[in-house]
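Student: Provided herewith: entry-v9.cif, mmCIF, C-alpha atoms and all ligand atoms.
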```cif
data_entry
loop_
_atom_site.label_atom_id
_atom_site.label_comp_id
_atom_site.auth_asym_id
_atom_site.auth_seq_id
_atom_site.Cartn_x
_atom_site.Cartn_y
_atom_site.Cartn_z
CA MET E 291 118.52 96.71 83.12
CA SER E 292 116.20 97.98 80.43
CA PHE E 293 117.62 99.62 77.34
CA ARG E 294 116.00 102.91 78.32
CA VAL E 295 117.46 102.94 81.83
CA ALA E 296 120.84 102.02 80.38
CA THR E 297 120.76 104.91 77.93
CA GLN E 298 119.65 107.32 80.64
CA GLN E 299 122.56 106.25 82.78
CA LEU E 300 124.93 106.48 79.86
CA LEU E 301 123.79 110.03 79.13
CA LEU E 302 124.30 110.99 82.75
CA ALA E 303 127.73 109.33 82.81
CA VAL E 304 128.78 111.17 79.65
CA LEU E 305 127.64 114.51 81.04
CA LEU E 306 129.43 113.83 84.33
CA CYS E 307 132.65 112.83 82.54
CA LEU E 308 132.51 115.99 80.48
CA GLY E 309 132.37 117.96 83.69
CA VAL E 310 129.11 119.30 82.37
CA ILE E 311 127.20 118.69 85.57
CA SER E 312 127.88 118.01 89.17
CA PRO E 313 125.82 115.09 90.53
CA ALA E 314 123.81 117.37 92.85
CA LYS E 315 122.62 119.43 89.90
CA ALA E 316 121.81 116.53 87.60
CA GLU E 317 118.11 117.03 87.03
CA TRP E 318 117.73 115.79 83.50
CA ASP E 319 114.44 114.16 82.72
CA THR E 320 114.98 111.74 79.84
CA LYS E 321 112.53 109.78 77.72
CA ALA E 322 112.48 107.65 74.60
CA ILE E 323 110.25 109.15 71.92
CA GLU E 324 109.81 107.10 68.73
CA GLY E 325 112.80 104.99 69.80
CA ARG E 326 115.10 107.99 70.20
CA ASP E 327 116.53 109.50 73.41
CA TYR E 328 115.04 112.85 74.34
CA VAL E 329 115.83 115.23 77.20
CA ALA E 330 113.31 117.63 78.80
CA VAL E 331 114.09 121.24 77.81
CA ASP E 332 113.34 122.34 81.42
CA GLY E 333 116.57 120.66 82.55
CA MET E 334 118.62 123.08 80.46
CA LYS E 335 117.68 125.96 82.79
CA SER E 336 119.76 125.04 85.84
CA PHE E 337 122.36 123.16 83.85
CA TYR E 338 123.31 126.05 81.55
CA GLY E 339 122.41 128.82 83.99
CA PHE E 340 119.43 130.34 82.22
CA ASP E 341 117.36 132.80 84.29
CA SER E 342 114.06 131.85 82.69
CA VAL E 343 112.23 129.30 80.56
CA THR E 344 109.07 130.71 79.03
CA ARG E 345 106.54 129.38 76.57
CA ALA E 346 104.35 131.31 74.15
CA GLY E 347 102.29 129.09 71.87
CA ASN E 348 104.72 126.55 70.44
CA THR E 349 107.82 128.65 71.10
CA VAL E 350 109.96 127.86 74.15
CA SER E 351 112.58 130.47 75.10
CA LEU E 352 115.48 130.08 77.51
CA GLU E 353 117.18 133.30 78.43
CA ASN E 354 119.89 134.89 80.56
CA LYS E 355 121.89 138.10 80.18
CA LYS E 356 124.21 136.60 77.55
CA ILE E 357 122.18 134.22 75.49
CA LYS E 358 118.68 133.53 74.25
CA VAL E 359 117.72 130.12 72.89
CA GLU E 360 114.42 129.80 71.05
CA LEU E 361 112.96 126.38 70.21
CA ARG E 362 109.71 125.59 68.47
CA ILE E 363 107.72 122.46 69.24
CA GLY E 364 107.23 120.40 66.09
CA ALA E 365 110.06 122.20 64.27
CA GLN E 366 113.74 121.49 63.61
CA GLU E 367 114.84 125.10 63.56
CA CYS E 368 116.37 126.67 66.65
CA LEU E 369 117.66 130.21 67.19
CA MET E 370 120.61 130.88 69.51
CA ASN E 371 121.25 134.62 69.87
CA GLY E 372 119.41 135.06 66.60
CA VAL E 373 121.58 132.59 64.63
CA LYS E 374 119.60 129.80 63.01
CA PHE E 375 120.48 126.12 63.50
CA VAL E 376 118.70 123.21 61.91
CA PHE E 377 118.38 120.31 64.38
CA SER E 378 118.69 116.69 63.31
CA TYR E 379 115.31 115.96 64.91
CA LYS E 380 112.15 117.88 65.72
CA VAL E 381 111.51 119.31 69.18
CA GLU E 382 108.69 117.17 70.62
CA GLU E 383 105.94 117.76 73.14
CA LEU E 384 104.94 115.16 75.72
CA ASN E 385 103.12 115.48 79.06
CA GLY E 386 102.87 119.23 78.53
CA LYS E 387 106.66 119.60 78.29
CA ALA E 388 109.07 120.32 75.43
CA TRP E 389 111.74 117.70 74.65
CA ILE E 390 114.93 117.98 72.61
CA SER E 391 116.73 114.95 71.15
CA ARG E 392 119.80 113.92 73.11
CA ILE E 393 121.92 114.06 69.94
CA ASP E 394 120.92 117.69 69.24
CA LEU E 395 121.61 118.62 72.87
CA ALA E 396 125.00 116.89 73.05
CA LYS E 397 126.23 117.48 69.48
CA LEU E 398 124.83 120.91 68.73
CA VAL E 399 123.46 122.95 71.64
CA ASP E 400 126.21 122.01 74.11
CA PRO E 401 129.25 122.94 71.95
CA VAL E 402 127.56 126.22 71.02
CA LEU E 403 126.72 127.16 74.61
CA ARG E 404 130.02 125.97 76.07
CA PRO E 405 132.76 126.03 73.42
CA SER E 406 135.46 126.20 76.10
CA TYR E 407 134.65 122.58 77.00
CA ILE E 408 135.67 121.33 73.55
CA ASP E 409 138.68 119.12 74.20
CA ASN E 410 140.23 118.60 70.83
CA ALA E 411 139.97 122.09 69.29
CA GLY E 412 143.55 122.85 70.33
CA ASN E 413 145.40 126.02 69.75
CA PHE E 414 145.81 126.64 66.03
CA ARG E 415 147.52 129.22 63.87
CA THR E 416 146.87 127.57 60.49
CA VAL E 417 143.76 128.14 58.38
CA ILE E 418 143.14 125.96 55.32
CA LEU E 419 140.99 127.75 52.74
CA ASP E 420 139.29 125.65 50.07
CA ALA E 421 137.94 127.63 47.11
CA GLY E 422 135.33 125.22 45.73
CA HIS E 423 135.37 124.02 42.08
CA GLY E 424 137.86 125.37 39.48
CA GLY E 425 139.29 124.55 36.02
CA LYS E 426 136.97 122.28 34.06
CA ASP E 427 134.44 122.48 36.94
CA PRO E 428 133.09 126.06 37.08
CA GLY E 429 130.46 125.20 39.76
CA ALA E 430 127.31 127.29 39.54
CA THR E 431 127.30 129.79 36.65
CA ASN E 432 125.20 132.77 35.61
CA ALA E 433 125.41 135.47 32.93
CA ILE E 434 128.09 137.48 34.77
CA GLY E 435 130.41 134.98 36.41
CA THR E 436 131.32 131.51 37.64
CA GLU E 437 131.17 130.18 41.16
CA ALA E 438 134.76 128.89 40.87
CA GLY E 439 135.90 132.45 40.14
CA TYR E 440 134.03 134.07 43.02
CA ASN E 441 135.08 131.32 45.45
CA LEU E 442 138.73 132.00 44.59
CA MET E 443 138.34 135.80 44.90
CA VAL E 444 136.89 135.38 48.40
CA ALA E 445 139.58 132.85 49.41
CA GLU E 446 142.46 135.00 48.10
CA ARG E 447 141.25 138.10 49.92
CA ALA E 448 140.64 136.12 53.13
CA LYS E 449 144.17 134.71 52.86
CA LYS E 450 145.64 138.24 52.78
CA LEU E 451 143.66 139.43 55.80
CA LEU E 452 144.30 136.26 57.82
CA GLU E 453 148.04 136.49 57.13
CA THR E 454 148.02 140.12 58.22
CA ALA E 455 146.35 138.96 61.44
CA GLY E 456 149.21 136.49 62.00
CA TYR E 457 147.71 133.22 60.72
CA LYS E 458 149.43 130.79 58.39
CA VAL E 459 147.16 130.09 55.41
CA VAL E 460 147.16 126.98 53.21
CA MET E 461 145.06 127.14 50.01
CA THR E 462 143.79 123.96 48.35
CA ARG E 463 144.03 125.89 45.07
CA ASP E 464 145.37 129.38 44.32
CA SER E 465 144.53 129.50 40.61
CA ASN E 466 141.71 128.48 38.30
CA ARG E 467 142.60 124.79 38.23
CA TYR E 468 140.68 121.59 38.75
CA LEU E 469 141.11 119.48 41.88
CA THR E 470 139.15 116.40 42.82
CA LEU E 471 137.41 116.40 46.19
CA GLN E 472 139.94 113.80 47.40
CA GLU E 473 142.85 116.05 46.37
CA ARG E 474 141.37 118.83 48.51
CA VAL E 475 141.11 116.44 51.46
CA ASP E 476 144.72 115.33 50.85
CA VAL E 477 146.03 118.92 50.83
CA ALA E 478 144.27 119.54 54.16
CA ASN E 479 145.43 116.31 55.77
CA ARG E 480 149.06 116.96 54.84
CA VAL E 481 148.87 119.86 57.31
CA LYS E 482 150.12 118.28 60.53
CA ASP E 483 149.79 121.36 62.76
CA ASN E 484 146.48 122.10 64.45
CA ALA E 485 144.39 123.83 61.79
CA ILE E 486 140.85 124.62 60.73
CA PHE E 487 139.37 124.06 57.26
CA ILE E 488 136.90 126.40 55.57
CA SER E 489 135.43 125.46 52.19
CA ILE E 490 134.03 128.46 50.31
CA HIS E 491 131.16 128.10 47.86
CA HIS E 492 128.30 130.02 46.25
CA ASN E 493 124.96 128.34 45.91
CA SER E 494 122.50 127.50 43.15
CA GLY E 495 118.80 126.63 43.19
CA GLY E 496 115.45 127.87 41.93
CA SER E 497 115.30 131.59 41.11
CA ALA E 498 113.59 132.33 44.46
CA ALA E 499 116.20 130.49 46.58
CA ARG E 500 118.41 132.95 48.47
CA GLY E 501 120.52 133.46 51.56
CA ILE E 502 123.49 132.11 53.46
CA GLU E 503 123.90 128.58 54.76
CA THR E 504 126.72 126.76 56.50
CA PHE E 505 127.24 123.00 56.64
CA THR E 506 128.91 120.88 59.31
CA LEU E 507 129.40 117.14 59.28
CA SER E 508 126.41 115.08 60.43
CA PRO E 509 127.04 113.17 63.67
CA VAL E 510 127.11 109.36 63.40
CA GLY E 511 123.60 107.94 63.27
CA VAL E 512 121.95 111.06 61.88
CA ALA E 513 120.62 111.44 58.35
CA HIS E 514 121.70 114.77 56.93
CA TYR E 515 119.22 117.59 56.37
CA GLY E 516 116.54 116.83 53.82
CA ARG E 517 117.44 113.15 53.30
CA GLY E 518 116.02 109.93 54.65
CA PHE E 519 118.05 107.67 56.89
CA ASN E 520 120.23 104.95 55.36
CA GLN E 521 122.78 102.46 56.66
CA SER E 522 125.80 104.56 55.67
CA ASP E 523 124.62 107.16 58.21
CA LEU E 524 125.89 104.80 60.92
CA GLN E 525 129.48 104.89 59.67
CA GLU E 526 131.95 107.06 61.60
CA ARG E 527 133.98 109.42 59.35
CA ALA E 528 137.36 111.09 59.99
CA GLY E 529 135.63 114.42 60.54
CA ASN E 530 133.46 113.02 63.36
CA GLY E 531 136.52 113.25 65.62
CA HIS E 532 135.78 116.99 65.69
CA ASP E 533 131.98 116.96 66.02
CA SER E 534 131.92 119.66 68.71
CA ALA E 535 134.62 121.84 67.17
CA ASN E 536 132.91 121.61 63.76
CA VAL E 537 129.73 123.06 65.23
CA ALA E 538 131.59 125.78 67.14
CA LEU E 539 133.42 126.79 63.94
CA ALA E 540 130.19 126.79 61.93
CA THR E 541 128.53 128.93 64.59
CA ALA E 542 131.34 131.49 64.45
CA VAL E 543 131.45 131.70 60.64
CA HIS E 544 127.71 131.69 60.11
CA GLY E 545 127.03 134.16 62.94
CA CYS E 546 129.73 136.58 61.77
CA LEU E 547 128.53 136.44 58.14
CA ILE E 548 124.94 137.15 59.13
CA ARG E 549 126.14 140.05 61.29
CA ARG E 550 128.44 141.51 58.59
CA LEU E 551 126.02 141.27 55.68
CA ASP E 552 122.99 143.42 54.97
CA LYS E 553 120.24 142.90 57.56
CA ASN E 554 117.90 141.64 54.85
CA THR E 555 120.21 138.72 54.06
CA PHE E 556 118.20 135.55 54.48
CA ASP E 557 119.54 133.18 57.14
CA ARG E 558 119.11 129.60 55.88
CA GLY E 559 120.80 128.28 58.99
CA ILE E 560 123.56 125.90 60.02
CA LYS E 561 122.84 122.48 58.56
CA ARG E 562 124.25 118.94 58.51
CA ALA E 563 125.75 117.13 55.53
CA ARG E 564 128.32 114.50 54.62
CA PHE E 565 130.10 116.31 51.81
CA SER E 566 133.48 114.71 50.98
CA VAL E 567 135.51 117.59 52.39
CA LEU E 568 133.60 117.42 55.68
CA THR E 569 133.90 113.65 56.06
CA GLY E 570 137.56 113.33 55.04
CA VAL E 571 139.38 116.32 56.50
CA GLN E 572 141.02 115.59 59.86
CA HIS E 573 140.73 119.16 61.13
CA PRO E 574 137.62 121.03 62.33
CA SER E 575 135.82 121.78 59.05
CA ILE E 576 132.88 123.62 57.61
CA LEU E 577 131.50 124.47 54.18
CA VAL E 578 129.92 127.88 53.73
CA GLU E 579 127.60 128.92 50.89
CA CYS E 580 127.94 132.69 50.53
CA GLY E 581 124.79 133.49 48.50
CA PHE E 582 122.92 132.23 45.44
CA MET E 583 124.36 132.60 41.94
CA THR E 584 120.86 131.82 40.64
CA HIS E 585 119.04 134.60 42.54
CA PRO E 586 118.85 137.80 40.42
CA TYR E 587 119.67 140.18 43.30
CA GLU E 588 122.23 137.97 45.03
CA ALA E 589 123.98 137.27 41.72
CA ARG E 590 124.62 141.03 41.38
CA MET E 591 125.73 141.27 45.02
CA ILE E 592 128.21 138.38 44.66
CA HIS E 593 129.66 140.18 41.63
CA ASN E 594 130.08 143.32 43.74
CA GLU E 595 133.46 143.64 45.48
CA ALA E 596 131.96 145.38 48.54
CA TYR E 597 129.71 142.38 49.16
CA ARG E 598 132.59 139.91 48.77
CA ASN E 599 134.71 142.01 51.13
CA ALA E 600 131.93 141.85 53.73
CA VAL E 601 131.89 138.06 53.32
CA VAL E 602 135.68 137.97 53.77
CA LYS E 603 135.53 140.18 56.87
CA GLY E 604 132.86 137.87 58.31
CA ILE E 605 135.11 134.84 57.77
CA VAL E 606 138.17 136.58 59.23
CA ASP E 607 136.22 137.83 62.29
CA ALA E 608 134.91 134.30 62.76
CA VAL E 609 138.37 132.70 62.81
CA ASP E 610 139.39 135.01 65.67
CA ARG E 611 136.10 134.58 67.47
CA TYR E 612 136.29 130.77 67.23
CA ARG E 613 139.92 130.71 68.40
CA LYS E 614 139.07 132.82 71.45
CA ALA E 615 135.95 130.76 72.24
CA VAL E 616 137.74 127.40 72.20
CA SER E 617 140.87 128.75 73.92
CA LEU E 618 139.08 130.13 76.97
CA LYS E 619 139.78 127.94 79.90
CA ALA E 620 136.80 125.87 80.97
CA PRO E 621 135.91 126.04 84.66
CA ALA E 622 137.58 123.36 86.79
CA LYS E 623 135.83 120.01 86.50
CA PRO E 624 134.14 118.77 89.68
ZN ZN O 701 129.88 124.90 45.02
#
```
Would you mind giving the structure from this file in structure tokens?
Ligand SMILES: [Zn+2]

Tutor:
Amino acid sequence: MSFRVATQQLLLAVLLCLGVISPAKAEWDTKAIEGRDYVAVDGMKSFYGFDSVTRAGNTVSLENKKIKVELRIGAQECLMNGVKFVFSYKVEELNGKAWISRIDLAKLVDPVLRPSYIDNAGNFRTVILDAGHGGKDPGATNAIGTEAGYNLMVAERAKKLLETAGYKVVMTRDSNRYLTLQERVDVANRVKDNAIFISIHHNSGGSAARGIETFTLSPVGVAHYGRGFNQSDLQERAGNGHDSANVALATAVHGCLIRRLDKNTFDRGIKRARFSVLTGVQHPSILVECGFMTHPYEARMIHNEAYRNAVVKGIVDAVDRYRKAVSLKAPAKP
């Protein structure tokens, strides 16, 4: 059996085991492109119940009453109901058709489109909030404040609202003190109940860099956004046990923030990384960057309590939205 046939069969077997497809409906066309497994975008139509697949120039859109997915050939960015995701690999074109990498389909698109199929999300009542930096590490700074300070203000306010909503909240820090990244991971992993972990940061970059971005752990075998591949990308980390839940949580937080904030807020997308807190924490985890300390306008916004409250409301909405999405019962498996 050739390697390619074997991988095609493996993909089919995985999808069947997940209850994703019944054998009669399995119409995936798969292909190896540059040594990587790809799946024809056409196959997503019947599988996920889209009414239409249309193409205009390089943009391929799949649509039904509830969701619109927009892919661009040659690009890594994908929009699902207007929320931006950055794929691990480009969408390719071959034989006049669009192809998406198997890893982006299985590890990103699928958990977003069908969060109720995520097995290990569990029912949780505990939220771990990680205010980034602190103490001798102020994080990004500007003339009016420190990132460590703003991160804590957002976390403290989110704690209050989440507790009011009935959640138990664990903070990695509740004062301006220094913690190593490992100490943050240790605080989170001491929580034995089902929980989710949200690390709160504010960004820095060139003076033109702006917007919101959310990071989830890179799947095994994928180089994270903006970096070349290296051997350590093949190593499985603790956080990979929650690959699907991580993406579902990122989708909820990022989508709710974009919805809550001013419509001109720039959406930098949901991206992949192997930050220590994402690799080490044994609960579904994300890291959210709530604006740029180095952008003149965003720096003023971050300093403004109304903006921070909108960020907090976005996070609190997202926790509820995620819990509902992963708690809905998936249809019976065939
Ligand atoms: Zn930071």

Student: Rounded to one decimal place, report the atom CA of E:His585-atom CA of E:Ala542 distance in Å.

Tutor: 25.3 Å

Student: Need the shell around E:Arg500: protein/DNA/RNA residues with any atom at most 7 Å away, counting only C-alpha atoms. Skip same-chain ones fewer than 5 positions apart. Format as a list in words?

Tutor: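 Residues meeting the cut-off are Phe556, Gly581, Phe582 and His585 of chain E.
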
Student: Please build the interface table for chain E against ligand ZN 701 (chain O) with a cut-off of 6 Å, listing for each qualifying residue the nearest atom pair and the distance in Å to one decimal; count all atoms listed in the file, order rows by chain and increasing number, and write it as JSON lines.

Tutor:
```
{"residue": "E:Gly422", "atom": "CA", "partner": "O:ZN701", "partner_atom": "ZN", "distance": 5.5}
{"residue": "E:Gly429", "atom": "CA", "partner": "O:ZN701", "partner_atom": "ZN", "distance": 5.3}
{"residue": "E:His491", "atom": "CA", "partner": "O:ZN701", "partner_atom": "ZN", "distance": 4.5}
{"residue": "E:His492", "atom": "CA", "partner": "O:ZN701", "partner_atom": "ZN", "distance": 5.5}
```

Student: Show me, as a list in words, the residues that have an atom within 9 Å of stretch 454-461 of chain E when counting all atoms listed in the file, minus same-chain residues fewer than 3 positions from it.

Tutor: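 Returned residues: Phe414, Arg415, Thr416, Val417, Ile418, Leu419, Asp420, Ala421, Ala445, Glu446, Lys449, Lys450, Leu451, Asp464, Val477, Ala478, Val481 and Val606 of chain E.
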
Student: Which polymer residues have any atom within 12 Å of an atom of E:Gln525, counting all atoms listed in the file, with same-chain residues fewer than 6 positions away left out, as a VMD selection string?

Tutor: chain E and resid 508 to 513 564 569

Student: Using all atoms listed in the file, which of the listed residues (E:Cys368, E:Cys546, E:Ala448, E:Ala589) sits closest to E:Arg611?

Tutor: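 Looking at the shortest contact to E:Arg611, the residue is E:Cys546.
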
Student: Using all atoms listed in the file for the distances, tell me which of E:Glu317, E:Leu551, E:Val571, E:Leu524 is nearest to E:Gly604.

Tutor: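 Of the candidates, the smallest distance to E:Gly604 is held by E:Leu551.
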
Student: Residues of stretch 342-455 of chain E that approach stretch 328-336 of chain E to 8 Å or less, counting only C-alpha atoms: could you list each one with the shortest pair of atoms and its distance in Å to one decimal, rows by chain and increasing residue number, as a Markdown table?

Tutor:
```
| residue | atom | partner | partner_atom | distance |
| --- | --- | --- | --- | --- |
| E:Ser342 | CA | E:Lys335 | CA | 6.9 |
| E:Val343 | CA | E:Lys335 | CA | 6.8 |
| E:Leu352 | CA | E:Lys335 | CA | 7.0 |
| E:Lys387 | CA | E:Ala330 | CA | 7.0 |
| E:Ala388 | CA | E:Val331 | CA | 5.6 |
| E:Trp389 | CA | E:Ala330 | CA | 4.4 |
| E:Ile390 | CA | E:Tyr328 | CA | 5.4 |
| E:Ser391 | CA | E:Tyr328 | CA | 4.2 |
| E:Arg392 | CA | E:Tyr328 | CA | 5.0 |
| E:Leu395 | CA | E:Val329 | CA | 8.0 |
```

Student: Can you list, as a ChimeraX atom specification, every protein, DNA or RNA residue that comes within 10 Å of E:Ala365 when you count all atoms listed in the file, leaving out same-chain residues fewer than 5 positions away?

Tutor: /E:348-349,376-377,379-382

Student: Find the residue from E:Met583, E:Leu618, E:Ala498, E:Met591 that sits nearest to E:Asn432; use only C-alpha atoms when measuring.

Tutor: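 For E:Asn432, the nearest of the given residues is E:Met583.
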
Student: Calculate how many Å separate atom CA of E:Ala600 from atom CA of E:His514, rounding to one decimal.

Tutor: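 We find that atom CA of E:Ala600 and atom CA of E:His514 lie 29.1 Å from each other.
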
Student: Using atom CA of E:Ile490 and atom CA of E:His593 as the two end points, give the distance in Å to one decimal.

Tutor: 15.2 Å

Student: What's the 7 Å shell around E:Met370, counting all atoms listed in the file, without same-chain residues fewer than 3 positions away, as a PyMOL selection string?

Tutor: chain E and resi 358-360+373-374

Student: Please reconstruct the missing atoms of stretch 485-512 of chain E (target: N, CA and C atoms) and return them as a PDB file, in the frame of the given file.

Tutor:
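So the final result, stored in result-v1.pdb, reads:
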```
ATOM      1  N   ALA E 485     144.883 122.916  62.834  1.00  0.00           N
ATOM      2  CA  ALA E 485     144.390 123.830  61.790  1.00  0.00           C
ATOM      3  C   ALA E 485     142.872 123.771  61.755  1.00  0.00           C
ATOM      4  N   ILE E 486     142.278 124.706  61.039  1.00  0.00           N
ATOM      5  CA  ILE E 486     140.850 124.620  60.730  1.00  0.00           C
ATOM      6  C   ILE E 486     140.693 124.695  59.213  1.00  0.00           C
ATOM      7  N   PHE E 487     139.593 124.174  58.709  1.00  0.00           N
ATOM      8  CA  PHE E 487     139.370 124.060  57.260  1.00  0.00           C
ATOM      9  C   PHE E 487     138.039 124.740  56.915  1.00  0.00           C
ATOM     10  N   ILE E 488     138.121 125.685  55.982  1.00  0.00           N
ATOM     11  CA  ILE E 488     136.900 126.400  55.570  1.00  0.00           C
ATOM     12  C   ILE E 488     136.755 126.266  54.049  1.00  0.00           C
ATOM     13  N   SER E 489     135.696 125.613  53.618  1.00  0.00           N
ATOM     14  CA  SER E 489     135.430 125.460  52.190  1.00  0.00           C
ATOM     15  C   SER E 489     134.441 126.547  51.770  1.00  0.00           C
ATOM     16  N   ILE E 490     134.818 127.288  50.721  1.00  0.00           N
ATOM     17  CA  ILE E 490     134.030 128.460  50.310  1.00  0.00           C
ATOM     18  C   ILE E 490     133.295 128.175  49.005  1.00  0.00           C
ATOM     19  N   HIS E 491     131.993 128.363  49.038  1.00  0.00           N
ATOM     20  CA  HIS E 491     131.160 128.100  47.860  1.00  0.00           C
ATOM     21  C   HIS E 491     130.112 129.196  47.695  1.00  0.00           C
ATOM     22  N   HIS E 492     129.508 129.234  46.492  1.00  0.00           N
ATOM     23  CA  HIS E 492     128.300 130.020  46.250  1.00  0.00           C
ATOM     24  C   HIS E 492     127.261 129.068  45.709  1.00  0.00           C
ATOM     25  N   ASN E 493     126.021 129.309  46.043  1.00  0.00           N
ATOM     26  CA  ASN E 493     124.960 128.340  45.910  1.00  0.00           C
ATOM     27  C   ASN E 493     124.212 128.425  44.584  1.00  0.00           C
ATOM     28  N   SER E 494     123.427 127.404  44.287  1.00  0.00           N
ATOM     29  CA  SER E 494     122.500 127.500  43.150  1.00  0.00           C
ATOM     30  C   SER E 494     121.198 126.800  43.528  1.00  0.00           C
ATOM     31  N   GLY E 495     120.121 127.207  42.891  1.00  0.00           N
ATOM     32  CA  GLY E 495     118.800 126.630  43.190  1.00  0.00           C
ATOM     33  C   GLY E 495     117.771 127.272  42.297  1.00  0.00           C
ATOM     34  N   GLY E 496     116.509 127.192  42.682  1.00  0.00           N
ATOM     35  CA  GLY E 496     115.450 127.870  41.930  1.00  0.00           C
ATOM     36  C   GLY E 496     115.661 129.380  42.030  1.00  0.00           C
ATOM     37  N   SER E 497     115.005 130.155  41.152  1.00  0.00           N
ATOM     38  CA  SER E 497     115.300 131.590  41.110  1.00  0.00           C
ATOM     39  C   SER E 497     114.876 132.313  42.395  1.00  0.00           C
ATOM     40  N   ALA E 498     114.014 131.680  43.214  1.00  0.00           N
ATOM     41  CA  ALA E 498     113.590 132.330  44.460  1.00  0.00           C
ATOM     42  C   ALA E 498     114.516 131.978  45.629  1.00  0.00           C
ATOM     43  N   ALA E 499     115.339 130.929  45.469  1.00  0.00           N
ATOM     44  CA  ALA E 499     116.200 130.490  46.580  1.00  0.00           C
ATOM     45  C   ALA E 499     117.266 131.547  46.859  1.00  0.00           C
ATOM     46  N   ARG E 500     117.448 131.908  48.139  1.00  0.00           N
ATOM     47  CA  ARG E 500     118.410 132.950  48.470  1.00  0.00           C
ATOM     48  C   ARG E 500     118.944 132.746  49.878  1.00  0.00           C
ATOM     49  N   GLY E 501     120.017 133.434  50.189  1.00  0.00           N
ATOM     50  CA  GLY E 501     120.520 133.460  51.560  1.00  0.00           C
ATOM     51  C   GLY E 501     121.827 132.705  51.762  1.00  0.00           C
ATOM     52  N   ILE E 502     122.203 132.675  53.047  1.00  0.00           N
ATOM     53  CA  ILE E 502     123.490 132.110  53.460  1.00  0.00           C
ATOM     54  C   ILE E 502     123.223 130.820  54.221  1.00  0.00           C
ATOM     55  N   GLU E 503     124.004 129.781  53.935  1.00  0.00           N
ATOM     56  CA  GLU E 503     123.900 128.580  54.760  1.00  0.00           C
ATOM     57  C   GLU E 503     125.281 127.987  54.982  1.00  0.00           C
ATOM     58  N   THR E 504     125.425 127.316  56.123  1.00  0.00           N
ATOM     59  CA  THR E 504     126.720 126.760  56.500  1.00  0.00           C
ATOM     60  C   THR E 504     126.507 125.299  56.880  1.00  0.00           C
ATOM     61  N   PHE E 505     127.380 124.435  56.379  1.00  0.00           N
ATOM     62  CA  PHE E 505     127.240 123.000  56.640  1.00  0.00           C
ATOM     63  C   PHE E 505     128.335 122.494  57.566  1.00  0.00           C
ATOM     64  N   THR E 506     127.940 121.613  58.491  1.00  0.00           N
ATOM     65  CA  THR E 506     128.910 120.880  59.310  1.00  0.00           C
ATOM     66  C   THR E 506     128.586 119.406  59.155  1.00  0.00           C
ATOM     67  N   LEU E 507     129.562 118.582  59.452  1.00  0.00           N
ATOM     68  CA  LEU E 507     129.400 117.140  59.280  1.00  0.00           C
ATOM     69  C   LEU E 507     128.306 116.580  60.200  1.00  0.00           C
ATOM     70  N   SER E 508     127.451 115.738  59.632  1.00  0.00           N
ATOM     71  CA  SER E 508     126.410 115.080  60.430  1.00  0.00           C
ATOM     72  C   SER E 508     127.055 114.155  61.457  1.00  0.00           C
ATOM     73  N   PRO E 509     126.547 114.153  62.696  1.00  0.00           N
ATOM     74  CA  PRO E 509     127.040 113.170  63.670  1.00  0.00           C
ATOM     75  C   PRO E 509     126.680 111.753  63.202  1.00  0.00           C
ATOM     76  N   VAL E 510     127.407 110.762  63.726  1.00  0.00           N
ATOM     77  CA  VAL E 510     127.110 109.360  63.400  1.00  0.00           C
ATOM     78  C   VAL E 510     125.677 109.045  63.812  1.00  0.00           C
ATOM     79  N   GLY E 511     124.949 108.357  62.935  1.00  0.00           N
ATOM     80  CA  GLY E 511     123.600 107.940  63.270  1.00  0.00           C
ATOM     81  C   GLY E 511     122.522 108.919  62.856  1.00  0.00           C
ATOM     82  N   VAL E 512     122.929 110.039  62.253  1.00  0.00           N
ATOM     83  CA  VAL E 512     121.950 111.060  61.880  1.00  0.00           C
ATOM     84  C   VAL E 512     121.947 111.218  60.353  1.00  0.00           C
TER      85      VAL E 512
END
```
